[in-house]
Amino acid sequence: SATIDGLDDRESLGGLREARDFDLDGDEYRGRVDSIGEPVGPPVELAVFRNTSDLSETIAENRLLIGGLLLAFLLLAMLAAGIVSRTLTGQIGNFLAAARRLARGDFAHPAPASGRDEFAELGREFNSMSGQLAAKIDEVERKRQELEETIRRVGDALATGLDRDGVVALAVRQAVDACGAEAGRALPLE
């Protein structure tokens, strides 16, 4: 005849249909009772109890170990986050330096593009864009020089008094330059 703490006076073992904790003669238990129907006669009540005193003591003793493990995990997570942050900041810094070089017109030093990650892909695209920009700047410079030459030739033609032969020679030179030909010749129409 043991006393069960955690059950009020109206409950019996049959009241433990759901698993729960209770004290029995000073020991901690977790258990439940279930009825098993019999084909003949009254149902049989099956009670399953487990002493949880040892488990509670083990948990209490290991709280410090569990806390230490959680703290170590937290520190490792923070360390990993710091390393990833520094790495990303370094890669972004390299791209920023490359962008500043481009702004100054320095196309000789490409952005870092080693590896297979997204930053390497960004570096390759950045370098491709840099090469295209350098080519466009060279083309604009070439066109500017051609325009200067054309203006000089027109000035020379105006200085010669716009004689017929001078204007024809100027037109031939302009046509040769515009077509990228090696030579040109004007023939009179009859």
# chains A, B, ... in the order shown; residues from 1 in each chain; ligands from 1
>>> closest_atom_pairs(of="range 21-113 of chain A", to="range 117-127 of chain A", cutoff="8 Å", atoms="only C-alpha atoms", output="JSON lines")
{"residue": "A:Gln91", "atom": "CA", "partner": "A:Phe119", "partner_atom": "CA", "distance": 7.4}
{"residue": "A:Phe95", "atom": "CA", "partner": "A:Gly123", "partner_atom": "CA", "distance": 7.5}
{"residue": "A:Pro110", "atom": "CA", "partner": "A:Asn127", "partner_atom": "CA", "distance": 5.7}
{"residue": "A:Ala111", "atom": "CA", "partner": "A:Gly123", "partner_atom": "CA", "distance": 5.5}
{"residue": "A:Pro112", "atom": "CA", "partner": "A:Gly123", "partner_atom": "CA", "distance": 5.7}
{"residue": "A:Ala113", "atom": "CA", "partner": "A:Ala120", "partner_atom": "CA", "distance": 4.2}
>>> write_last_selection(atoms="N, CA and C atoms", output="mmCIF file, in the first residue's frame")
data_model
loop_
_atom_site.group_PDB
_atom_site.id
_atom_site.type_symbol
_atom_site.label_atom_id
_atom_site.label_comp_id
_atom_site.auth_asym_id
_atom_site.auth_seq_id
_atom_site.Cartn_x
_atom_site.Cartn_y
_atom_site.Cartn_z
ATOM 1 N N GLN A 91 37.180 40.231 -50.241
ATOM 2 C CA GLN A 91 36.856 40.108 -51.668
ATOM 3 C C GLN A 91 36.159 41.361 -52.182
ATOM 4 N N PHE A 95 37.389 44.110 -55.182
ATOM 5 C CA PHE A 95 36.563 44.627 -56.276
ATOM 6 C C PHE A 95 36.462 46.149 -56.229
ATOM 7 N N PRO A 110 43.658 43.550 -63.725
ATOM 8 C CA PRO A 110 42.302 42.978 -63.632
ATOM 9 C C PRO A 110 41.893 42.701 -62.184
ATOM 10 N N ALA A 111 40.593 42.541 -61.995
ATOM 11 C CA ALA A 111 40.052 42.168 -60.677
ATOM 12 C C ALA A 111 40.360 40.695 -60.433
ATOM 13 N N PRO A 112 40.506 40.277 -59.166
ATOM 14 C CA PRO A 112 40.772 38.858 -58.877
ATOM 15 C C PRO A 112 39.594 37.985 -59.307
ATOM 16 N N ALA A 113 39.918 36.885 -59.999
ATOM 17 C CA ALA A 113 38.847 36.021 -60.506
ATOM 18 C C ALA A 113 39.248 34.552 -60.397
#
>>> atom_distance(atom1="CA of Gly31 in chain A", atom2="CA of Leu64 in chain A")
28.1 Å
>>> closest_residue(among="A:Arg50, A:Leu147, A:Arg63, A:Phe107", to="Leu24 in chain A", atoms="only C-alpha atoms")
A:Arg50
>>> select_by_dssp(residues="range 8-138 of chain A", states="strand (DSSP E or B)", output="ChimeraX atom specification")
/A:20-24,27-36,44-51
>>> write_last_selection(atoms="N, CA and C atoms", output="PDB file, in the first residue's frame")
ATOM      1  N   ARG A  20       2.488  10.791 -17.292  1.00  0.00           N
ATOM      2  CA  ARG A  20       2.868  11.952 -16.492  1.00  0.00           C
ATOM      3  C   ARG A  20       3.778  11.525 -15.365  1.00  0.00           C
ATOM      4  N   ASP A  21       4.369  12.513 -14.698  1.00  0.00           N
ATOM      5  CA  ASP A  21       5.310  12.262 -13.603  1.00  0.00           C
ATOM      6  C   ASP A  21       4.567  12.264 -12.275  1.00  0.00           C
ATOM      7  N   PHE A  22       5.030  11.440 -11.328  1.00  0.00           N
ATOM      8  CA  PHE A  22       4.469  11.421  -9.980  1.00  0.00           C
ATOM      9  C   PHE A  22       5.497  10.811  -9.042  1.00  0.00           C
ATOM     10  N   ASP A  23       5.283  11.026  -7.769  1.00  0.00           N
ATOM     11  CA  ASP A  23       6.156  10.461  -6.724  1.00  0.00           C
ATOM     12  C   ASP A  23       5.466   9.255  -6.114  1.00  0.00           C
ATOM     13  N   LEU A  24       6.231   8.212  -5.853  1.00  0.00           N
ATOM     14  CA  LEU A  24       5.710   7.004  -5.207  1.00  0.00           C
ATOM     15  C   LEU A  24       6.711   6.614  -4.122  1.00  0.00           C
ATOM     16  N   ASP A  27      10.188   8.264  -4.440  1.00  0.00           N
ATOM     17  CA  ASP A  27      10.905   8.125  -5.715  1.00  0.00           C
ATOM     18  C   ASP A  27      10.078   8.754  -6.830  1.00  0.00           C
ATOM     19  N   GLU A  28      10.786   9.277  -7.840  1.00  0.00           N
ATOM     20  CA  GLU A  28      10.102   9.904  -8.976  1.00  0.00           C
ATOM     21  C   GLU A  28       9.890   8.866 -10.065  1.00  0.00           C
ATOM     22  N   TYR A  29       8.650   8.861 -10.601  1.00  0.00           N
ATOM     23  CA  TYR A  29       8.296   7.929 -11.666  1.00  0.00           C
ATOM     24  C   TYR A  29       7.593   8.680 -12.785  1.00  0.00           C
ATOM     25  N   ARG A  30       7.649   8.080 -13.957  1.00  0.00           N
ATOM     26  CA  ARG A  30       6.850   8.541 -15.094  1.00  0.00           C
ATOM     27  C   ARG A  30       6.129   7.300 -15.581  1.00  0.00           C
ATOM     28  N   GLY A  31       4.838   7.416 -15.826  1.00  0.00           N
ATOM     29  CA  GLY A  31       4.106   6.241 -16.250  1.00  0.00           C
ATOM     30  C   GLY A  31       2.708   6.550 -16.707  1.00  0.00           C
ATOM     31  N   ARG A  32       2.029   5.499 -17.076  1.00  0.00           N
ATOM     32  CA  ARG A  32       0.633   5.595 -17.487  1.00  0.00           C
ATOM     33  C   ARG A  32      -0.017   4.229 -17.341  1.00  0.00           C
ATOM     34  N   VAL A  33      -1.342   4.251 -17.307  1.00  0.00           N
ATOM     35  CA  VAL A  33      -2.131   3.032 -17.188  1.00  0.00           C
ATOM     36  C   VAL A  33      -3.055   2.975 -18.384  1.00  0.00           C
ATOM     37  N   ASP A  34      -3.219   1.788 -18.947  1.00  0.00           N
ATOM     38  CA  ASP A  34      -4.112   1.623 -20.081  1.00  0.00           C
ATOM     39  C   ASP A  34      -4.935   0.364 -19.868  1.00  0.00           C
ATOM     40  N   SER A  35      -6.143   0.380 -20.351  1.00  0.00           N
ATOM     41  CA  SER A  35      -7.023  -0.789 -20.252  1.00  0.00           C
ATOM     42  C   SER A  35      -6.917  -1.614 -21.518  1.00  0.00           C
ATOM     43  N   ILE A  36      -6.845  -2.902 -21.334  1.00  0.00           N
ATOM     44  CA  ILE A  36      -6.823  -3.825 -22.458  1.00  0.00           C
ATOM     45  C   ILE A  36      -8.116  -4.620 -22.383  1.00  0.00           C
ATOM     46  N   VAL A  44      -8.523  -5.708 -18.514  1.00  0.00           N
ATOM     47  CA  VAL A  44      -7.306  -5.768 -17.701  1.00  0.00           C
ATOM     48  C   VAL A  44      -6.626  -4.414 -17.797  1.00  0.00           C
ATOM     49  N   GLU A  45      -6.242  -3.874 -16.639  1.00  0.00           N
ATOM     50  CA  GLU A  45      -5.504  -2.607 -16.637  1.00  0.00           C
ATOM     51  C   GLU A  45      -4.016  -2.910 -16.596  1.00  0.00           C
ATOM     52  N   LEU A  46      -3.292  -2.320 -17.557  1.00  0.00           N
ATOM     53  CA  LEU A  46      -1.855  -2.515 -17.649  1.00  0.00           C
ATOM     54  C   LEU A  46      -1.194  -1.208 -17.238  1.00  0.00           C
ATOM     55  N   ALA A  47      -0.313  -1.242 -16.269  1.00  0.00           N
ATOM     56  CA  ALA A  47       0.392  -0.053 -15.778  1.00  0.00           C
ATOM     57  C   ALA A  47       1.868  -0.189 -16.112  1.00  0.00           C
ATOM     58  N   VAL A  48       2.456   0.875 -16.667  1.00  0.00           N
ATOM     59  CA  VAL A  48       3.878   0.906 -16.989  1.00  0.00           C
ATOM     60  C   VAL A  48       4.461   2.128 -16.301  1.00  0.00           C
ATOM     61  N   PHE A  49       5.476   1.886 -15.470  1.00  0.00           N
ATOM     62  CA  PHE A  49       6.124   2.959 -14.725  1.00  0.00           C
ATOM     63  C   PHE A  49       7.621   2.848 -14.899  1.00  0.00           C
ATOM     64  N   ARG A  50       8.278   4.009 -14.936  1.00  0.00           N
ATOM     65  CA  ARG A  50       9.737   4.027 -15.018  1.00  0.00           C
ATOM     66  C   ARG A  50      10.251   4.970 -13.958  1.00  0.00           C
ATOM     67  N   ASN A  51      11.214   4.513 -13.222  1.00  0.00           N
ATOM     68  CA  ASN A  51      11.836   5.337 -12.199  1.00  0.00           C
ATOM     69  C   ASN A  51      12.696   6.386 -12.891  1.00  0.00           C
TER      70      ASN A  51
END
>>> select_by_dssp(residues="range 60-129 of chain A", states="helix (DSSP H, G or I)", output="JSON, numbers by chain")
{"A": [60, 61, 62, 63, 64, 65, 66, 67, 68, 69, 70, 71, 72, 73, 74, 75, 76, 77, 78, 79, 80, 81, 82, 83, 84, 85, 86, 87, 88, 89, 90, 91, 92, 93, 94, 95, 96, 97, 98, 99, 100, 101, 102, 103, 118, 119, 120, 121, 122, 123, 124, 125, 126, 127, 128, 129]}
>>> closest_residue(among="A:Lys143, A:Asp165, A:Ser114, A:Gly105", to="Asp177 in chain A", atoms="only C-alpha atoms")
A:Lys143
>>> atom_distance(atom1="CA of Ala181 in chain A", atom2="CA of Ala169 in chain A")
14.9 Å
